[in-house]
$ cat coords11.cif   # mmCIF, C-alpha atoms
data_entry
loop_
_atom_site.label_atom_id
_atom_site.label_comp_id
_atom_site.auth_asym_id
_atom_site.auth_seq_id
_atom_site.Cartn_x
_atom_site.Cartn_y
_atom_site.Cartn_z
CA MET A 169 38.49 -18.95 15.17
CA ASP A 170 35.29 -18.09 13.27
CA ALA A 171 32.54 -20.69 12.97
CA ILE A 172 31.22 -21.04 9.42
CA ILE A 173 28.55 -23.52 10.58
CA ASP A 174 26.86 -22.81 13.91
CA ILE A 175 24.34 -25.44 15.08
CA HIS A 176 22.10 -24.98 18.15
CA ASP A 177 20.09 -27.89 19.58
CA ILE A 178 19.14 -29.26 16.16
CA ALA A 179 17.04 -32.43 16.20
CA LYS A 180 15.06 -34.57 13.77
CA LYS A 181 12.29 -37.08 14.33
CA TYR A 182 10.68 -38.51 11.22
CA LYS A 183 6.91 -38.68 11.01
CA GLY A 184 5.69 -41.93 12.55
CA ALA A 185 9.12 -42.77 14.00
CA GLU A 186 9.43 -43.94 17.58
CA HIS A 187 12.83 -42.36 18.20
CA PHE A 188 14.72 -39.25 17.12
CA SER A 189 17.20 -39.86 14.30
CA VAL A 190 19.17 -36.86 15.54
CA LYS A 191 18.75 -35.87 19.19
CA PRO A 192 19.24 -32.20 20.12
CA LEU A 193 22.88 -31.41 19.39
CA SER A 194 24.99 -28.31 19.12
CA LEU A 195 28.14 -28.05 17.07
CA GLN A 196 30.46 -25.47 15.56
CA ILE A 197 32.51 -26.08 12.42
CA TYR A 198 35.20 -23.52 11.71
CA LYS A 199 36.30 -21.84 8.49
CA GLY A 200 38.90 -23.82 6.60
CA GLU A 201 38.41 -27.07 8.49
CA VAL A 202 38.11 -30.55 7.08
CA PHE A 203 35.50 -31.76 9.53
CA GLY A 204 34.83 -35.49 9.63
CA LEU A 205 31.41 -36.72 10.70
CA LEU A 206 31.87 -40.41 11.42
CA GLY A 207 29.41 -43.01 12.61
CA PRO A 208 28.02 -46.49 11.90
CA ASN A 209 25.01 -47.14 9.67
CA GLY A 210 21.91 -45.45 11.08
CA ALA A 211 23.91 -43.13 13.33
CA GLY A 212 22.26 -39.95 12.04
CA LYS A 213 25.04 -38.67 9.75
CA THR A 214 22.94 -38.45 6.60
CA THR A 215 20.00 -36.92 8.45
CA LEU A 216 22.21 -34.22 9.98
CA ILE A 217 23.87 -33.39 6.68
CA SER A 218 20.49 -33.39 4.89
CA MET A 219 19.26 -30.75 7.33
CA LEU A 220 22.37 -28.63 6.82
CA CYS A 221 21.92 -28.90 3.03
CA GLY A 222 18.28 -27.79 3.26
CA LEU A 223 16.89 -31.14 2.14
CA LEU A 224 15.19 -31.86 5.48
CA GLU A 225 13.52 -29.49 7.90
CA PRO A 226 14.64 -29.88 11.52
CA THR A 227 12.04 -30.92 14.06
CA SER A 228 13.57 -28.41 16.46
CA GLY A 229 16.63 -26.23 16.85
CA ASP A 230 18.34 -24.00 14.30
CA PHE A 231 21.61 -23.41 12.51
CA ALA A 232 23.39 -20.87 10.31
CA ILE A 233 25.97 -21.31 7.57
CA ASP A 234 28.24 -18.30 7.05
CA GLY A 235 25.69 -16.29 9.01
CA LYS A 236 22.82 -17.26 6.71
CA THR A 237 19.72 -19.36 7.36
CA TYR A 238 17.37 -21.15 4.98
CA GLU A 239 14.44 -19.24 6.46
CA ALA A 240 15.90 -15.81 5.64
CA ASP A 241 18.51 -16.40 2.92
CA GLU A 242 17.72 -19.67 1.14
CA HIS A 243 18.77 -18.51 -2.35
CA GLU A 244 22.05 -16.98 -1.15
CA LEU A 245 22.79 -19.92 1.11
CA LYS A 246 22.43 -22.46 -1.69
CA LYS A 247 24.98 -20.47 -3.72
CA ILE A 248 27.71 -20.94 -1.12
CA ILE A 249 27.33 -24.68 -0.45
CA GLY A 250 28.30 -27.63 -2.60
CA VAL A 251 27.00 -31.16 -2.16
CA VAL A 252 28.63 -34.36 -3.44
CA PRO A 253 26.30 -37.23 -2.52
CA GLN A 254 27.28 -40.87 -2.23
CA GLU A 255 24.85 -41.77 -5.02
CA TYR A 256 25.90 -40.41 -8.39
CA ALA A 257 24.01 -37.17 -9.11
CA LEU A 258 24.61 -37.34 -12.87
CA TYR A 259 22.59 -37.82 -16.05
CA PRO A 260 23.80 -41.18 -17.38
CA THR A 261 22.91 -40.59 -21.05
CA LEU A 262 24.73 -37.25 -21.18
CA SER A 263 28.47 -36.85 -21.58
CA ALA A 264 30.69 -35.63 -18.77
CA LYS A 265 31.00 -32.23 -20.43
CA GLU A 266 27.23 -31.96 -20.93
CA ASN A 267 26.65 -32.82 -17.26
CA LEU A 268 29.12 -30.17 -16.09
CA ASN A 269 27.62 -27.56 -18.42
CA TYR A 270 24.19 -28.32 -17.02
CA PHE A 271 25.13 -28.23 -13.35
CA GLY A 272 27.30 -25.14 -13.78
CA SER A 273 24.50 -23.28 -15.54
CA MET A 274 22.26 -23.91 -12.52
CA TYR A 275 24.63 -21.64 -10.58
CA GLY A 276 24.70 -19.02 -13.33
CA LEU A 277 28.13 -19.97 -14.65
CA LYS A 278 28.73 -19.14 -18.31
CA GLY A 279 31.18 -17.75 -20.83
CA SER A 280 34.83 -18.47 -21.50
CA GLU A 281 35.77 -18.52 -17.83
CA PHE A 282 33.27 -21.32 -17.23
CA LYS A 283 34.59 -23.28 -20.22
CA ASP A 284 38.13 -22.88 -18.93
CA LYS A 285 37.02 -24.09 -15.50
CA ILE A 286 35.47 -27.23 -16.99
CA ALA A 287 38.59 -27.90 -19.04
CA TYR A 288 40.87 -27.42 -16.02
CA ASN A 289 38.88 -29.74 -13.75
CA LEU A 290 38.59 -32.46 -16.38
CA GLU A 291 42.34 -32.30 -16.96
CA ARG A 292 43.12 -32.20 -13.23
CA LEU A 293 41.14 -35.39 -12.62
CA GLY A 294 42.39 -37.20 -15.72
CA LEU A 295 39.14 -37.12 -17.67
CA THR A 296 39.84 -34.86 -20.65
CA LYS A 297 39.93 -37.64 -23.24
CA PHE A 298 36.62 -39.01 -21.91
CA ALA A 299 34.84 -35.64 -21.77
CA LYS A 300 32.49 -36.40 -24.66
CA LYS A 301 31.67 -39.96 -23.64
CA ARG A 302 28.36 -40.82 -21.97
CA ILE A 303 28.42 -41.23 -18.22
CA ASP A 304 26.87 -44.68 -18.45
CA THR A 305 30.07 -45.87 -20.18
CA TYR A 306 32.25 -44.70 -17.27
CA SER A 307 33.85 -46.87 -14.60
CA GLY A 308 32.92 -46.31 -10.94
CA GLY A 309 36.06 -44.29 -10.29
CA MET A 310 35.45 -42.04 -13.30
CA LYS A 311 31.83 -41.42 -12.23
CA ARG A 312 33.02 -40.59 -8.73
CA ARG A 313 35.46 -37.99 -10.12
CA ILE A 314 32.84 -36.35 -12.35
CA ASN A 315 30.38 -36.39 -9.44
CA LEU A 316 32.94 -34.43 -7.43
CA ILE A 317 33.58 -31.86 -10.17
CA ALA A 318 29.84 -31.26 -10.56
CA GLY A 319 29.61 -30.36 -6.87
CA ILE A 320 32.43 -27.82 -6.83
CA MET A 321 32.09 -26.01 -10.18
CA HIS A 322 30.70 -22.90 -8.45
CA GLU A 323 33.57 -22.85 -5.91
CA PRO A 324 31.45 -23.20 -2.75
CA LYS A 325 32.54 -21.87 0.62
CA VAL A 326 31.28 -25.08 2.25
CA LEU A 327 31.43 -28.52 0.64
CA PHE A 328 29.49 -31.52 1.93
CA LEU A 329 31.02 -34.87 0.94
CA ASP A 330 29.30 -38.19 1.56
CA GLU A 331 31.69 -41.13 1.08
CA PRO A 332 33.66 -39.46 -1.77
CA THR A 333 35.92 -42.47 -2.39
CA VAL A 334 33.52 -45.37 -1.85
CA GLY A 335 33.92 -48.11 -4.44
CA VAL A 336 36.87 -46.60 -6.29
CA ASP A 337 40.27 -48.00 -7.19
CA VAL A 338 43.45 -46.93 -5.39
CA HIS A 339 44.56 -44.58 -8.19
CA SER A 340 41.21 -42.76 -8.34
CA LYS A 341 41.14 -42.50 -4.56
CA ASN A 342 44.61 -40.93 -4.51
CA VAL A 343 43.69 -38.36 -7.18
CA ILE A 344 40.41 -37.50 -5.43
CA MET A 345 42.03 -36.98 -2.02
CA GLU A 346 44.81 -34.81 -3.48
CA TYR A 347 42.19 -32.75 -5.30
CA LEU A 348 40.10 -32.30 -2.14
CA THR A 349 43.19 -31.19 -0.22
CA GLU A 350 43.84 -28.53 -2.88
CA ILE A 351 40.23 -27.32 -2.65
CA ASN A 352 40.52 -27.06 1.12
CA GLN A 353 43.83 -25.20 0.89
CA ARG A 354 42.13 -22.64 -1.36
CA GLY A 355 39.70 -21.88 1.47
CA THR A 356 36.75 -24.26 1.14
CA THR A 357 35.50 -25.75 4.39
CA ILE A 358 34.79 -29.47 3.97
CA ILE A 359 32.31 -31.60 5.90
CA TYR A 360 33.13 -35.21 5.17
CA THR A 361 31.60 -38.59 5.99
CA SER A 362 33.29 -41.92 5.40
CA HIS A 363 33.65 -45.47 6.66
CA HIS A 364 37.37 -45.38 5.78
CA MET A 365 38.93 -44.70 9.17
CA THR A 366 42.53 -44.46 7.93
CA GLU A 367 41.48 -42.00 5.23
CA ALA A 368 39.57 -39.91 7.78
CA GLN A 369 42.48 -39.93 10.21
CA ASP A 370 44.85 -38.64 7.54
CA PHE A 371 42.45 -36.17 5.90
CA CYS A 372 40.43 -34.53 8.66
CA THR A 373 41.61 -31.68 10.86
CA ARG A 374 38.81 -32.39 13.36
CA ILE A 375 36.29 -35.21 13.82
CA ALA A 376 32.98 -35.84 15.54
CA ILE A 377 31.83 -39.39 16.19
CA ILE A 378 28.05 -39.72 16.13
CA ASP A 379 25.86 -42.69 17.01
CA ARG A 380 22.13 -43.01 17.68
CA GLY A 381 21.76 -39.32 16.93
CA VAL A 382 24.23 -38.22 19.61
CA ILE A 383 27.77 -36.89 19.26
CA TYR A 384 29.89 -39.00 21.61
CA ALA A 385 33.24 -37.30 21.05
CA GLN A 386 34.90 -34.62 18.98
CA GLY A 387 38.42 -33.34 18.52
CA THR A 388 41.47 -33.72 16.33
CA PRO A 389 42.36 -37.28 15.36
CA SER A 390 45.37 -37.22 17.68
CA GLU A 391 43.25 -35.90 20.59
CA LEU A 392 40.66 -38.63 20.14
CA ILE A 393 43.32 -41.35 19.95
CA SER A 394 45.25 -40.11 22.99
CA SER A 395 42.09 -39.76 25.10
CA THR A 396 40.86 -43.31 24.38
CA PRO A 397 42.48 -46.08 26.48
CA ASP A 398 44.59 -48.53 24.42
CA ALA A 399 43.64 -46.83 21.12
CA ARG A 400 46.35 -47.00 18.44
CA ASN A 401 44.36 -45.33 15.70
CA LEU A 402 41.00 -43.78 14.83
CA GLU A 403 39.41 -47.15 14.15
CA ASP A 404 40.11 -48.19 17.74
CA VAL A 405 38.47 -44.97 18.95
CA PHE A 406 35.46 -45.55 16.71
CA LEU A 407 34.91 -49.11 17.95
CA SER A 408 35.42 -48.09 21.56
CA LEU A 409 32.68 -45.45 21.30
CA THR A 410 30.18 -47.22 19.03
CA GLY A 411 30.75 -50.86 19.97
CA LYS A 412 31.50 -53.87 17.80
CA ALA A 413 27.95 -55.05 17.11
CA LEU A 414 26.91 -55.29 13.45
CA ARG A 415 24.73 -52.45 12.13
CA ASP A 416 23.04 -54.14 9.18
CA ALA A 417 19.52 -52.94 10.05
#

$ encode --input "coords11.cif" --output "structure tokens"
Amino acid sequence: MDAIIDIHDIAKKYKGAEHFSVKPLSLQIYKGEVFGLLGPNGAGKTTLISMLCGLLEPTSGDFAIDGKTYEADEHELKKIIGVVPQEYALYPTLSAKENLNYFGSMYGLKGSEFKDKIAYNLERLGLTKFAKKRIDTYSGGMKRRINLIAGIMHEPKVLFLDEPTVGVDVHSKNVIMEYLTEINQRGTTIIYTSHHMTEAQDFCTRIAIIDRGVIYAQGTPSELISSTPDARNLEDVFLSLTGKALRDA
């Protein structure tokens, strides 16, 4: 199986920090996977993904995405990745359609094919009749759906998702997860973070559990459950590896 993301001893220590947020780790993510990166608050998930998205420079180590690196192929690399952050990356005073036009144009999308793509995605996620309304009038679930569309308009090879269903109602969550499954089935590799263990267990083909900047275990959900004593589900595995102490700090 071909690795679309190949990570070698990547690490990150923030300036002035006492400890590494991500300790040297190596990881391969394969084409077509839905790869779950799970961990408690402060585990290093966001730092790792930020490095893979080119938002943070690693302290040491290196990685390639589809054979490309930010040092040699930054422009081409940014074309093939999509990012859907947990915080809404939208202009609140613009309409949904205006937001999608703006973000699509950043990737060079234009013409009738682009218009058709916007129309299709709005219809698919139940937002057509709200297309001309300002984002700041939207509910949380509607914003989450538009946030998702904005990240996939250019049909990326690799999609980074940070808590894609946080704070949404059951109906929005169902539509979003069905939509993400369709995207994956069309060939997009998905890297996904979430605190919803049941959702991750059902959605991910493979999972890594990270804590304190270290990957403690990785495998399919069923492999992780079967290899953890007395575990009935992924939540049991997660608590067994990361402990039950609160992570508020």

$ closest_atom_pairs --input "coords11.cif" --of "region 347-386 of chain A" --to "region 202-223 of chain A" --cutoff "6 Å" --atoms "all atoms listed in the file" --output "CSV"
residue,atom,partner,partner_atom,distance
A:Ile358,CA,A:Val202,CA,4.7
A:Ile359,CA,A:Phe203,CA,4.8
A:Tyr360,CA,A:Gly204,CA,4.8
A:Thr361,CA,A:Leu205,CA,5.1
A:Cys372,CA,A:Val202,CA,4.9
A:Thr373,CA,A:Val202,CA,5.3
A:Arg374,CA,A:Phe203,CA,5.1
A:Ile375,CA,A:Gly204,CA,4.4
A:Ala376,CA,A:Leu205,CA,5.2
A:Ile377,CA,A:Leu206,CA,4.9
A:Ile378,CA,A:Gly207,CA,5.0
A:Asp379,CA,A:Ala211,CA,4.2
A:Arg380,CA,A:Ala211,CA,4.7
A:Gly381,CA,A:Gly212,CA,5.0

$ atom_distance --input "coords11.cif" --atom1 "CA of Tyr259 (chain A)" --atom2 "CA of Thr296 (chain A)"
18.1 Å

$ resolve_selection --input "coords11.cif" --expression "the PyMOL selection byres ((chain A and resi 341) around 12)" --output "list of chain:residue names"
A:Leu293, A:Gly308, A:Gly309, A:Met310, A:Arg312, A:Arg313, A:Leu316, A:Glu331, A:Pro332, A:Thr333, A:Val334, A:Gly335, A:Val336, A:Asp337, A:Val338, A:His339, A:Ser340, A:Asn342, A:Val343, A:Ile344, A:Met345, A:Glu346, A:Tyr347, A:Leu348, A:His364, A:Glu367

$ residues_around --input "coords11.cif" --residues "Glu244 (chain A)" --least-positions-apart "3" --cutoff "12 Å" --atoms "all atoms listed in the file" --output "VMD selection string"
chain A and resid 233 to 241 247 to 249 275 324 to 325

$ write_last_selection --input "coords11.cif" --atoms "C-alpha atoms" --output "compact mmCIF listing (two decimals), in the coordinates of the input"
# COMPACT_ATOMS: atom_id res chain seq x y z
CA ILE A 233 25.97 -21.31 7.57
CA ASP A 234 28.24 -18.30 7.05
CA GLY A 235 25.69 -16.29 9.01
CA LYS A 236 22.82 -17.26 6.71
CA THR A 237 19.72 -19.36 7.36
CA TYR A 238 17.37 -21.15 4.98
CA GLU A 239 14.44 -19.24 6.46
CA ALA A 240 15.90 -15.81 5.64
CA ASP A 241 18.51 -16.40 2.92
CA LYS A 247 24.98 -20.47 -3.72
CA ILE A 248 27.71 -20.94 -1.12
CA ILE A 249 27.33 -24.68 -0.45
CA TYR A 275 24.63 -21.64 -10.58
CA PRO A 324 31.45 -23.20 -2.75
CA LYS A 325 32.54 -21.87 0.62

$ closest_residue --input "coords11.cif" --among "A:Ile178, A:Asp304, A:Met274, A:Thr396" --to "Glu225 (chain A)" --atoms "all atoms listed in the file"
A:Ile178

$ closest_atom_pairs --input "coords11.cif" --of "region 295-365 of chain A" --to "region 397-404 of chain A" --cutoff "12 Å" --atoms "all atoms listed in the file" --output "CSV"
residue,atom,partner,partner_atom,distance
A:Ser362,CA,A:Glu403,CA,11.9
A:His363,CA,A:Glu403,CA,9.6
A:His364,CA,A:Glu403,CA,8.8
A:Met365,CA,A:Glu403,CA,5.6

$ atom_distance --input "coords11.cif" --atom1 "CA of His187 (chain A)" --atom2 "CA of Ile173 (chain A)"
25.7 Å

$ resolve_selection --input "coords11.cif" --expression "the PyMOL selection byres ((chain A and resi 191) around 8)" --output "list in words"
Ile178, Ala179, Lys180, Phe188, Ser189, Val190, Pro192, Leu193, Gly381 and Val382 of chain A

$ atom_distance --input "coords11.cif" --atom1 "CA of Ser263 (chain A)" --atom2 "CA of Gln353 (chain A)"
29.6 Å

$ resolve_selection --input "coords11.cif" --expression "the PyMOL selection byres ((chain A and resi 176) around 10)" --output "tab-separated table (two decimals) with C-alpha atoms, in the coordinates of the input"
chain	number	residue	atom	x	y	z
A	174	ASP	CA	26.86	-22.81	13.91
A	175	ILE	CA	24.34	-25.44	15.08
A	177	ASP	CA	20.09	-27.89	19.58
A	178	ILE	CA	19.14	-29.26	16.16
A	179	ALA	CA	17.04	-32.43	16.20
A	192	PRO	CA	19.24	-32.20	20.12
A	193	LEU	CA	22.88	-31.41	19.39
A	194	SER	CA	24.99	-28.31	19.12
A	195	LEU	CA	28.14	-28.05	17.07
A	196	GLN	CA	30.46	-25.47	15.56
A	228	SER	CA	13.57	-28.41	16.46
A	229	GLY	CA	16.63	-26.23	16.85
A	230	ASP	CA	18.34	-24.00	14.30
A	231	PHE	CA	21.61	-23.41	12.51
A	232	ALA	CA	23.39	-20.87	10.31

$ closest_residue --input "coords11.cif" --among "A:Lys278, A:Lys283, A:Lys265, A:Lys246" --to "Leu295 (chain A)" --atoms "all atoms listed in the file"
A:Lys265

$ residues_around --input "coords11.cif" --residues "Ala287 (chain A)" --least-positions-apart "4" --cutoff "12 Å" --atoms "only C-alpha atoms" --output "number ranges by chain"
A: 264-265, 268-269, 280-283, 291-300, 317, 321

$ residues_around --input "coords11.cif" --residues "Gly250 (chain A)" --least-positions-apart "5" --cutoff "8 Å" --atoms "all atoms listed in the file" --output "list of chain:residue names"
A:Gly319, A:Ile320, A:His322, A:Glu323, A:Pro324, A:Lys325, A:Val326, A:Leu327, A:Phe328

$ write_last_selection --input "coords11.cif" --atoms "C-alpha atoms" --output "mmCIF file, keeping the file's coordinate frame"
data_model
loop_
_atom_site.group_PDB
_atom_site.id
_atom_site.type_symbol
_atom_site.label_atom_id
_atom_site.label_comp_id
_atom_site.auth_asym_id
_atom_site.auth_seq_id
_atom_site.Cartn_x
_atom_site.Cartn_y
_atom_site.Cartn_z
ATOM 1 C CA GLY A 319 29.610 -30.360 -6.870
ATOM 2 C CA ILE A 320 32.430 -27.820 -6.830
ATOM 3 C CA HIS A 322 30.700 -22.900 -8.450
ATOM 4 C CA GLU A 323 33.570 -22.850 -5.910
ATOM 5 C CA PRO A 324 31.450 -23.200 -2.750
ATOM 6 C CA LYS A 325 32.540 -21.870 0.620
ATOM 7 C CA VAL A 326 31.280 -25.080 2.250
ATOM 8 C CA LEU A 327 31.430 -28.520 0.640
ATOM 9 C CA PHE A 328 29.490 -31.520 1.930
#

$ closest_residue --input "coords11.cif" --among "A:Leu290, A:Val405, A:Ile303, A:Met169" --to "Gln386 (chain A)" --atoms "all atoms listed in the file"
A:Val405

$ residues_near_point --input "coords11.cif" --point "(23.5, -38.3, -13.3)" --cutoff "9 Å" --atoms "all atoms listed in the file" --output "list in words"
Tyr256, Ala257, Leu258, Tyr259, Pro260, Thr261, Leu262, Asn267, Ile303, Asp304, Lys311 and Asn315 of chain A

$ write_last_selection --input "coords11.cif" --atoms "C-alpha atoms" --output "short mmCIF file (atom, residue, chain, number, x, y, z; two decimals), in the coordinates of the input"
data_model
loop_
_atom_site.label_atom_id
_atom_site.label_comp_id
_atom_site.auth_asym_id
_atom_site.auth_seq_id
_atom_site.Cartn_x
_atom_site.Cartn_y
_atom_site.Cartn_z
CA TYR A 256 25.90 -40.41 -8.39
CA ALA A 257 24.01 -37.17 -9.11
CA LEU A 258 24.61 -37.34 -12.87
CA TYR A 259 22.59 -37.82 -16.05
CA PRO A 260 23.80 -41.18 -17.38
CA THR A 261 22.91 -40.59 -21.05
CA LEU A 262 24.73 -37.25 -21.18
CA ASN A 267 26.65 -32.82 -17.26
CA ILE A 303 28.42 -41.23 -18.22
CA ASP A 304 26.87 -44.68 -18.45
CA LYS A 311 31.83 -41.42 -12.23
CA ASN A 315 30.38 -36.39 -9.44
#

$ decode --input "coords11.cif" --residues "region 260-286 of chain A" --atoms "N, CA and C atoms" --output "PDB file, in the first residue's frame"
ATOM      1  N   PRO A 260     -18.099  36.253   8.186  1.00  0.00           N
ATOM      2  CA  PRO A 260     -19.463  36.256   8.721  1.00  0.00           C
ATOM      3  C   PRO A 260     -20.430  37.210   8.028  1.00  0.00           C
ATOM      4  N   THR A 261     -19.925  38.300   7.449  1.00  0.00           N
ATOM      5  CA  THR A 261     -20.834  39.270   6.816  1.00  0.00           C
ATOM      6  C   THR A 261     -21.083  38.961   5.346  1.00  0.00           C
ATOM      7  N   LEU A 262     -20.437  37.924   4.818  1.00  0.00           N
ATOM      8  CA  LEU A 262     -20.694  37.489   3.450  1.00  0.00           C
ATOM      9  C   LEU A 262     -21.688  36.329   3.463  1.00  0.00           C
ATOM     10  N   SER A 263     -22.350  36.129   2.348  1.00  0.00           N
ATOM     11  CA  SER A 263     -23.265  34.998   2.225  1.00  0.00           C
ATOM     12  C   SER A 263     -22.474  33.711   2.032  1.00  0.00           C
ATOM     13  N   ALA A 264     -23.168  32.594   2.138  1.00  0.00           N
ATOM     14  CA  ALA A 264     -22.519  31.298   1.905  1.00  0.00           C
ATOM     15  C   ALA A 264     -21.938  31.240   0.496  1.00  0.00           C
ATOM     16  N   LYS A 265     -22.709  31.673  -0.470  1.00  0.00           N
ATOM     17  CA  LYS A 265     -22.264  31.627  -1.863  1.00  0.00           C
ATOM     18  C   LYS A 265     -21.054  32.532  -2.078  1.00  0.00           C
ATOM     19  N   GLU A 266     -21.061  33.708  -1.469  1.00  0.00           N
ATOM     20  CA  GLU A 266     -19.925  34.630  -1.599  1.00  0.00           C
ATOM     21  C   GLU A 266     -18.671  34.033  -0.954  1.00  0.00           C
ATOM     22  N   ASN A 267     -18.834  33.382   0.188  1.00  0.00           N
ATOM     23  CA  ASN A 267     -17.695  32.715   0.819  1.00  0.00           C
ATOM     24  C   ASN A 267     -17.121  31.638  -0.088  1.00  0.00           C
ATOM     25  N   LEU A 268     -17.977  30.797  -0.654  1.00  0.00           N
ATOM     26  CA  LEU A 268     -17.496  29.704  -1.499  1.00  0.00           C
ATOM     27  C   LEU A 268     -16.850  30.230  -2.776  1.00  0.00           C
ATOM     28  N   ASN A 269     -17.401  31.296  -3.343  1.00  0.00           N
ATOM     29  CA  ASN A 269     -16.773  31.916  -4.513  1.00  0.00           C
ATOM     30  C   ASN A 269     -15.376  32.416  -4.174  1.00  0.00           C
ATOM     31  N   TYR A 270     -15.247  33.022  -3.005  1.00  0.00           N
ATOM     32  CA  TYR A 270     -13.955  33.568  -2.598  1.00  0.00           C
ATOM     33  C   TYR A 270     -12.926  32.460  -2.394  1.00  0.00           C
ATOM     34  N   PHE A 271     -13.293  31.458  -1.604  1.00  0.00           N
ATOM     35  CA  PHE A 271     -12.327  30.400  -1.305  1.00  0.00           C
ATOM     36  C   PHE A 271     -11.995  29.572  -2.546  1.00  0.00           C
ATOM     37  N   GLY A 272     -12.983  29.334  -3.402  1.00  0.00           N
ATOM     38  CA  GLY A 272     -12.706  28.608  -4.637  1.00  0.00           C
ATOM     39  C   GLY A 272     -11.770  29.364  -5.556  1.00  0.00           C
ATOM     40  N   SER A 273     -11.943  30.681  -5.632  1.00  0.00           N
ATOM     41  CA  SER A 273     -11.097  31.499  -6.505  1.00  0.00           C
ATOM     42  C   SER A 273      -9.646  31.479  -6.049  1.00  0.00           C
ATOM     43  N   MET A 274      -9.413  31.266  -4.750  1.00  0.00           N
ATOM     44  CA  MET A 274      -8.045  31.178  -4.242  1.00  0.00           C
ATOM     45  C   MET A 274      -7.310  29.979  -4.838  1.00  0.00           C
ATOM     46  N   TYR A 275      -8.075  28.963  -5.253  1.00  0.00           N
ATOM     47  CA  TYR A 275      -7.477  27.783  -5.882  1.00  0.00           C
ATOM     48  C   TYR A 275      -7.579  27.832  -7.404  1.00  0.00           C
ATOM     49  N   GLY A 276      -7.977  28.994  -7.934  1.00  0.00           N
ATOM     50  CA  GLY A 276      -8.053  29.152  -9.379  1.00  0.00           C
ATOM     51  C   GLY A 276      -9.307  28.584 -10.005  1.00  0.00           C
ATOM     52  N   LEU A 277     -10.316  28.276  -9.194  1.00  0.00           N
ATOM     53  CA  LEU A 277     -11.558  27.737  -9.741  1.00  0.00           C
ATOM     54  C   LEU A 277     -12.391  28.869 -10.340  1.00  0.00           C
ATOM     55  N   LYS A 278     -13.002  28.605 -11.484  1.00  0.00           N
ATOM     56  CA  LYS A 278     -13.818  29.630 -12.141  1.00  0.00           C
ATOM     57  C   LYS A 278     -14.691  28.988 -13.218  1.00  0.00           C
ATOM     58  N   GLY A 279     -15.565  29.802 -13.791  1.00  0.00           N
ATOM     59  CA  GLY A 279     -16.380  29.335 -14.904  1.00  0.00           C
ATOM     60  C   GLY A 279     -17.607  28.547 -14.487  1.00  0.00           C
ATOM     61  N   SER A 280     -18.272  27.988 -15.466  1.00  0.00           N
ATOM     62  CA  SER A 280     -19.537  27.282 -15.237  1.00  0.00           C
ATOM     63  C   SER A 280     -19.346  26.019 -14.414  1.00  0.00           C
ATOM     64  N   GLU A 281     -18.224  25.358 -14.590  1.00  0.00           N
ATOM     65  CA  GLU A 281     -17.971  24.143 -13.821  1.00  0.00           C
ATOM     66  C   GLU A 281     -17.875  24.455 -12.330  1.00  0.00           C
ATOM     67  N   PHE A 282     -17.248  25.577 -12.013  1.00  0.00           N
ATOM     68  CA  PHE A 282     -17.138  26.002 -10.613  1.00  0.00           C
ATOM     69  C   PHE A 282     -18.513  26.350 -10.044  1.00  0.00           C
ATOM     70  N   LYS A 283     -19.330  27.063 -10.826  1.00  0.00           N
ATOM     71  CA  LYS A 283     -20.680  27.407 -10.387  1.00  0.00           C
ATOM     72  C   LYS A 283     -21.511  26.153 -10.130  1.00  0.00           C
ATOM     73  N   ASP A 284     -21.363  25.185 -11.034  1.00  0.00           N
ATOM     74  CA  ASP A 284     -22.094  23.920 -10.873  1.00  0.00           C
ATOM     75  C   ASP A 284     -21.639  23.192  -9.607  1.00  0.00           C
ATOM     76  N   LYS A 285     -20.343  23.273  -9.313  1.00  0.00           N
ATOM     77  CA  LYS A 285     -19.798  22.606  -8.135  1.00  0.00           C
ATOM     78  C   LYS A 285     -20.355  23.240  -6.855  1.00  0.00           C
ATOM     79  N   ILE A 286     -20.424  24.562  -6.840  1.00  0.00           N
ATOM     80  CA  ILE A 286     -21.014  25.257  -5.688  1.00  0.00           C
ATOM     81  C   ILE A 286     -22.467  24.841  -5.510  1.00  0.00           C
TER      82      ILE A 286
END
